[in-house]
Amino acid sequence: MFFVEEGRKDDAVAYFNRANELLDKSITSNIHHPNYVSRQKSTLAKLINTI
């Protein structure tokens, strides 16, 4: 993520929140499996916590 590389935590958190919304929507639309979405959210959260 671009925001993480630059250390812009506020922007990264906003991006993370939007990504979570889209990932949750993909579950309800049967696009992605819930476990896949959970892994993606976890990966993003770990990345944001490194800032």
# chains A, B, ... in the order shown; residues from 1 in each chain; ligands from 1
>>> residues_around(residues="A:Ile51", least_positions_apart="2", cutoff="8 Å", atoms="only C-alpha atoms", output="PyMOL selection string")
chain A and resi 4+7-9+47-49
>>> residues_around(residues="A:Ala45", least_positions_apart="5", cutoff="12 Å", atoms="only C-alpha atoms", output="list in words")
Met1, Val4, Lys9, Ala12, Val13, Ala14, Tyr15, Phe16, Asn17, Ala19, Asn20, Ser38, Arg39, Gln40, Thr50 and Ile51 of chain A
>>> write_last_selection(atoms="C-alpha atoms", output="PDB file, in the first residue's frame")
ATOM      1  CA  MET A   1       0.000   0.000   0.000  1.00  0.00           C
ATOM      2  CA  VAL A   4       1.972   2.599   4.455  1.00  0.00           C
ATOM      3  CA  LYS A   9      -1.485   6.367   8.922  1.00  0.00           C
ATOM      4  CA  ALA A  12      -4.039   4.162   5.381  1.00  0.00           C
ATOM      5  CA  VAL A  13      -6.795   3.692   7.957  1.00  0.00           C
ATOM      6  CA  ALA A  14      -9.326   5.346   5.644  1.00  0.00           C
ATOM      7  CA  TYR A  15      -8.213   3.019   2.832  1.00  0.00           C
ATOM      8  CA  PHE A  16      -8.441   0.049   5.208  1.00  0.00           C
ATOM      9  CA  ASN A  17     -11.993   0.939   6.225  1.00  0.00           C
ATOM     10  CA  ALA A  19     -11.395  -2.027   1.715  1.00  0.00           C
ATOM     11  CA  ASN A  20     -13.225  -3.746   4.575  1.00  0.00           C
ATOM     12  CA  SER A  38     -10.893 -12.791   6.684  1.00  0.00           C
ATOM     13  CA  ARG A  39      -7.316 -13.458   5.576  1.00  0.00           C
ATOM     14  CA  GLN A  40      -7.250 -10.318   3.447  1.00  0.00           C
ATOM     15  CA  THR A  50       3.440  -1.538  11.214  1.00  0.00           C
ATOM     16  CA  ILE A  51       3.141   2.239  10.837  1.00  0.00           C
TER      17      ILE A  51
END
>>> atom_distance(atom1="atom CA of A:Tyr36", atom2="atom CA of A:Glu6")
27.2 Å
>>> atom_distance(atom1="atom CA of A:Leu44", atom2="atom CA of A:Ile27")
17.0 Å
>>> atom_distance(atom1="atom CA of A:Thr28", atom2="atom CA of A:Lys41")
15.6 Å
